[in-house]
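J.: The structure follows.
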Amino acid sequence: MPAEAIGFVLRRVGRATQRSISRLGFSARFFALVIYHSPAAFRRLGLTLREIYFSGVLSLVIMLVSGLFVGMVLGLQGYDTLNKYGAGDSLGIFVGLSLVRELGPVVSGLLFASRAGSAITAEIGLMKTTEQIAAMEMMAVDPFARVVAPRFWGGIVSMPLLAALFSVMGVFGAYVVGVRLIGVDSGTFWGNMRAAIDFWPDITNGIIKSVVFGIAVTLIAVFEGYDATPTAEGVSTATTRTVVEASLAILALDFLLTVFMFRGTGI
Amino acid sequence: MNRSTIDLWVGIFVAIGIGAIVFLALRVGNLTSLQTTPSYHLDAAFDNIGGLKIRAPVKAAGVVIGRVDRVRFDTKTYQAVVGMRIDQGYQFSKDTIASILTSGLLGEVYIGFDAGGDSEMLADGGRIAKTQSAVVLEKLIGQFMFDKAAQGNAK
């Protein structure tokens with residue numbers, strides 16, 4: 001009896017491992033194909049611009065509003081804690097560094113995954129379900145060049161811009177709370193922030209992070225959409241997977257990137 | 001939605017996005033580290049540099065005049081040799097004193113210059129002869145306690 005049970009468990013593990021390895025290989029080949037077909041996304045710029053509009057412009061409101069609120073909360077919480085140590089003047093440094101380095105890219109990446117990533121997956125998945133992708137192949141239109149690559153590049157262009165806007169709104173929110181409501185001196189707020197934050201490496205690291213997150217989120221989104229089981233249930237599962245996988249990918253990549261970025265700075 | 005409306009919105013989006021990056025660069029951060037103002041190099045040897053780090057500021061009378069760009073240990077003299085980049089606009093006499101200071105009790109560590117009276121100026125690659133090392137708080141406290149103990153024994 002136990003031997004059978006062990007065999008059953010081992011078979012399940014074996015099957016799961018094989019499936020995940022083959023999916024990994026499939027996604028790597030998928031990534032290579034997307035890169036290979038990328039020139040088409042730039043030759044037909046209108047398609048890519050349309051995707052920037054859908055994933056970037058339409059995400060603006062959620063990014064700006066959440067950036068503002070995150071900044072305002074940071075201003076309140078940061079001042080409360082810093083003031084216990086008599087360092088309320090460092091509010092600008094605290095807010096600026098945490099937004100530019102971490103919260104800007106990560107939170108906007110998570111929002112981007114759920115706002116734009118899920119939409120991309122659902123759209124491509126539904127195109128597959130209604131056999132539009134198969135129809136394109138029949139007409140000798142490459143779905144990678146026509147559907148996948150423009151969405152991929154639209155996301156990569158949008159993400160760093162959205163992250164930068166998120167950070168700016170956050171700093172503005174913290175300014176409103178810290179300077180206007182609590183009464184930190186305006187000059188101290190901006191002056192300390194500027195003295196402590198360097199364009200290189202702080203801000204550039206944030207931009208690098210947001211570009212990497214943009215690549216990860218849109219790649220997962222287009223892959224899950226393309227890989228979806230062509231049923232209503234399959235599309236919904238694929239959309240859920242996109243949000244979960246993209247969020248986990250962002251958090252894991254953030255840790256890895258931070259480790260590499262802090263190497264050599266003496267921390 | 002037609003093509004030109006989408007183009008317009010994407011254009012607005014990209015413009016304010018780039019505007020946000022510029023705002024971060026100029027208003028939130030400082031771009032000074034990117035500017036390549038002409039500068040010259042100075043060395044100074046210290047017995048102890050405390051918590052001095054690369055890119056720490058070099059100040060004269062509180063004004064930032066340059067940055068530390070290299071710290072190494074000299075195995076011949078057993079001293080730390082600190083290399084600094086000083087803005088070309090600021091010239092210092094040969095007998096300038098460089099000391100390692102801390103702004104406040106917990107603040108950043110920086111190098112302070114006290115100008116001397118020599119008529120000869122330090123040139124590029126020059127070495128500051130007079131230096132004052134970082135004050136190590138533990139040593140100071142230790143010294144203070146030993147002094148107290150010695151006084152107690154004398155009585």
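Lettering and numbering for the structure tokens are positional, with chains as A, B, ... in the shown order, residues counted from 1 in each chain, and ligands counted from 1 in the shown order.
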As a list in words, could you give me every residue of chain A near chain B (at most 7 Å apart, counting only C-alpha atoms)?
T.: Leu49, Arg50, Ile52, Tyr53, Val57, Gly96, Leu161, Leu162, Ala164, Leu165, Val168, Met193, Arg194, Ala195, Ile197, Asp198 and Phe199 of chain A
J.: The selected residues should be written to file as an mmCIF file, in the first residue's frame (atoms: N, CA and C atoms).
T.:
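Saved as result.cif:
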```cif
data_model
loop_
_atom_site.group_PDB
_atom_site.id
_atom_site.type_symbol
_atom_site.label_atom_id
_atom_site.label_comp_id
_atom_site.auth_asym_id
_atom_site.auth_seq_id
_atom_site.Cartn_x
_atom_site.Cartn_y
_atom_site.Cartn_z
ATOM 1 N N LEU A 49 1.470 52.168 -31.359
ATOM 2 C CA LEU A 49 0.906 53.366 -30.733
ATOM 3 C C LEU A 49 -0.461 53.060 -30.136
ATOM 4 N N ARG A 50 -1.258 52.269 -30.849
ATOM 5 C CA ARG A 50 -2.571 51.886 -30.354
ATOM 6 C C ARG A 50 -2.440 51.133 -29.025
ATOM 7 N N ILE A 52 0.142 51.376 -26.934
ATOM 8 C CA ILE A 52 0.577 52.328 -25.896
ATOM 9 C C ILE A 52 -0.638 53.074 -25.364
ATOM 10 N N TYR A 53 -1.557 53.400 -26.294
ATOM 11 C CA TYR A 53 -2.774 54.089 -25.860
ATOM 12 C C TYR A 53 -3.555 53.209 -24.885
ATOM 13 N N VAL A 57 -1.944 55.087 -21.804
ATOM 14 C CA VAL A 57 -2.784 56.269 -21.589
ATOM 15 C C VAL A 57 -3.975 55.921 -20.703
ATOM 16 N N GLY A 96 11.254 60.614 -0.955
ATOM 17 C CA GLY A 96 11.854 60.581 -2.293
ATOM 18 C C GLY A 96 12.555 59.271 -2.556
ATOM 19 N N LEU A 161 7.376 55.144 -18.119
ATOM 20 C CA LEU A 161 6.736 56.458 -18.047
ATOM 21 C C LEU A 161 5.701 56.476 -16.926
ATOM 22 N N LEU A 162 4.929 55.389 -16.819
ATOM 23 C CA LEU A 162 3.931 55.326 -15.754
ATOM 24 C C LEU A 162 4.595 55.309 -14.384
ATOM 25 N N ALA A 164 7.480 56.640 -13.574
ATOM 26 C CA ALA A 164 7.989 57.983 -13.279
ATOM 27 C C ALA A 164 6.850 58.897 -12.846
ATOM 28 N N LEU A 165 5.716 58.807 -13.534
ATOM 29 C CA LEU A 165 4.567 59.630 -13.157
ATOM 30 C C LEU A 165 4.073 59.272 -11.761
ATOM 31 N N VAL A 168 6.389 60.879 -9.266
ATOM 32 C CA VAL A 168 6.191 62.323 -9.181
ATOM 33 C C VAL A 168 4.928 62.635 -8.392
ATOM 34 N N MET A 193 15.851 66.498 0.169
ATOM 35 C CA MET A 193 15.581 65.467 -0.832
ATOM 36 C C MET A 193 16.610 65.534 -1.961
ATOM 37 N N ARG A 194 16.858 66.741 -2.431
ATOM 38 C CA ARG A 194 17.802 66.870 -3.555
ATOM 39 C C ARG A 194 19.214 66.535 -3.137
ATOM 40 N N ALA A 195 19.542 66.849 -1.866
ATOM 41 C CA ALA A 195 20.914 66.565 -1.423
ATOM 42 C C ALA A 195 21.139 65.060 -1.309
ATOM 43 N N ILE A 197 19.314 62.477 -2.911
ATOM 44 C CA ILE A 197 18.977 61.617 -4.044
ATOM 45 C C ILE A 197 19.796 62.045 -5.249
ATOM 46 N N ASP A 198 20.523 61.084 -5.791
ATOM 47 C CA ASP A 198 21.337 61.371 -6.973
ATOM 48 C C ASP A 198 20.616 60.857 -8.204
ATOM 49 N N PHE A 199 20.804 61.568 -9.318
ATOM 50 C CA PHE A 199 20.232 61.062 -10.571
ATOM 51 C C PHE A 199 20.833 59.695 -10.875
#
```
J.: Near Leu101 (chain B), within 7 Å and counting only C-alpha atoms, which residues show up once chain neighbours fewer than 5 positions away are dropped, as a PyMOL selection string?
T.: chain B and resi 109-112+134
J.: Only N, CA and C atoms, please: the residues just picked out, written as a compact mmCIF listing (two decimals), in the first residue's frame.
T.:
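In the end it all went to out26.txt:
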```txt
# COMPACT_ATOMS: atom_id res chain seq x y z
N VAL B 109 29.68 61.77 7.03
CA VAL B 109 31.10 62.04 7.23
C VAL B 109 31.62 62.77 6.00
N TYR B 110 32.37 63.85 6.20
CA TYR B 110 32.90 64.59 5.07
C TYR B 110 34.30 65.09 5.38
N ILE B 111 34.96 65.60 4.36
CA ILE B 111 36.30 66.16 4.55
C ILE B 111 36.18 67.68 4.56
N GLY B 112 36.71 68.30 5.58
CA GLY B 112 36.67 69.75 5.66
C GLY B 112 38.05 70.34 5.38
N ALA B 134 39.86 61.20 11.60
CA ALA B 134 38.51 61.16 12.15
C ALA B 134 38.59 60.92 13.64
```
J.: State, in Å with one decimal place, the distance from CA of Leu110 (chain A) to CA of Phe262 (chain A).
T.: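 That distance, rounded to one decimal, is 22.6 Å.
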J.: Find the residue from B:Gln151, B:Thr96, B:Gln143, B:Thr77 that sits nearest to Phe46 (chain B); use only C-alpha atoms when measuring.
T.: B:Thr77
J.: Please list as a list in words every residue within 12 Å of Thr130 (chain A), counting only C-alpha atoms and excluding residues in the same chain fewer than 3 positions away.
T.: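 Here the qualifying residues turn out to be Ala122, Glu123, Ile124, Gly125, Leu126, Met127, Ile133, Ala134, Ala135, Met136, Thr229, Pro230, Thr231, Ala232 and Val235 of chain A.
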J.: Between CA of Arg72 (chain B) and CA of Asp87 (chain B), what distance in Å does the model show, to one decimal?
T.: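 Rounded to one decimal, the two atoms are 21.5 Å apart.
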J.: Can you work out which one of B:Ala154, B:Ala61, B:Ile141, B:Ala56 has the shortest atom-to-atom distance to Met84 (chain B), counting only C-alpha atoms?
T.: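 When distances to Met84 (chain B) are compared using only C-alpha atoms, the smallest one comes from B:Ala56.
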J.: In Å, with one decimal, what is the gap from CA of Leu24 (chain A) to CA of Leu251 (chain A)?
T.: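 That distance, rounded to one decimal, is 19.3 Å.
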J.: Write out as number ranges by chain the residues lying within 12 Å of Ile120 (chain A), counting only C-alpha atoms and excluding same-chain residues fewer than 5 positions away.
T.: A: 51-52, 54-55, 112-115, 125-127, 147-152, 154-155, 217-226, 228, 235, 238-240, 242-243
J.: Could those selected residues go to a file with C-alpha atoms, as a PDB file, in the first residue's frame?
T.:
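Writing the result to again25.pdb gives the following:
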```
ATOM      1  CA  GLU A  51      -1.236  49.499 -27.701  1.00  0.00           C
ATOM      2  CA  ILE A  52       0.577  52.328 -25.896  1.00  0.00           C
ATOM      3  CA  PHE A  54      -4.573  51.070 -24.379  1.00  0.00           C
ATOM      4  CA  SER A  55      -1.963  50.006 -21.832  1.00  0.00           C
ATOM      5  CA  PHE A 112       0.142  47.763 -14.512  1.00  0.00           C
ATOM      6  CA  ALA A 113      -0.022  43.962 -14.281  1.00  0.00           C
ATOM      7  CA  SER A 114      -3.599  44.022 -13.060  1.00  0.00           C
ATOM      8  CA  ARG A 115      -4.790  46.928 -15.200  1.00  0.00           C
ATOM      9  CA  GLY A 125      -7.012  34.691 -25.299  1.00  0.00           C
ATOM     10  CA  LEU A 126     -10.368  35.698 -26.692  1.00  0.00           C
ATOM     11  CA  MET A 127      -8.854  36.199 -30.155  1.00  0.00           C
ATOM     12  CA  VAL A 147      -0.870  40.918 -32.406  1.00  0.00           C
ATOM     13  CA  VAL A 148       1.890  39.947 -29.981  1.00  0.00           C
ATOM     14  CA  ALA A 149       4.870  42.180 -30.770  1.00  0.00           C
ATOM     15  CA  PRO A 150       2.958  45.520 -30.760  1.00  0.00           C
ATOM     16  CA  ARG A 151       1.418  44.697 -27.360  1.00  0.00           C
ATOM     17  CA  PHE A 152       4.804  43.665 -26.012  1.00  0.00           C
ATOM     18  CA  GLY A 154       3.567  49.051 -26.134  1.00  0.00           C
ATOM     19  CA  GLY A 155       3.866  47.737 -22.573  1.00  0.00           C
ATOM     20  CA  VAL A 217       4.676  41.873 -17.132  1.00  0.00           C
ATOM     21  CA  THR A 218       3.953  42.219 -20.852  1.00  0.00           C
ATOM     22  CA  LEU A 219       5.858  39.044 -21.724  1.00  0.00           C
ATOM     23  CA  ILE A 220       3.840  37.072 -19.158  1.00  0.00           C
ATOM     24  CA  ALA A 221       0.620  38.728 -20.359  1.00  0.00           C
ATOM     25  CA  VAL A 222       1.100  37.984 -24.066  1.00  0.00           C
ATOM     26  CA  PHE A 223       2.410  34.481 -23.333  1.00  0.00           C
ATOM     27  CA  GLU A 224      -0.514  33.545 -21.092  1.00  0.00           C
ATOM     28  CA  GLY A 225      -2.955  34.940 -23.643  1.00  0.00           C
ATOM     29  CA  TYR A 226      -1.344  33.034 -26.494  1.00  0.00           C
ATOM     30  CA  ALA A 228      -4.648  30.048 -23.070  1.00  0.00           C
ATOM     31  CA  VAL A 235      -9.344  32.670 -20.865  1.00  0.00           C
ATOM     32  CA  ALA A 238      -5.121  32.677 -18.138  1.00  0.00           C
ATOM     33  CA  THR A 239      -6.098  36.169 -16.974  1.00  0.00           C
ATOM     34  CA  THR A 240      -5.838  35.126 -13.341  1.00  0.00           C
ATOM     35  CA  THR A 242      -1.177  36.651 -15.635  1.00  0.00           C
ATOM     36  CA  VAL A 243      -1.954  38.784 -12.602  1.00  0.00           C
TER      37      VAL A 243
END
```
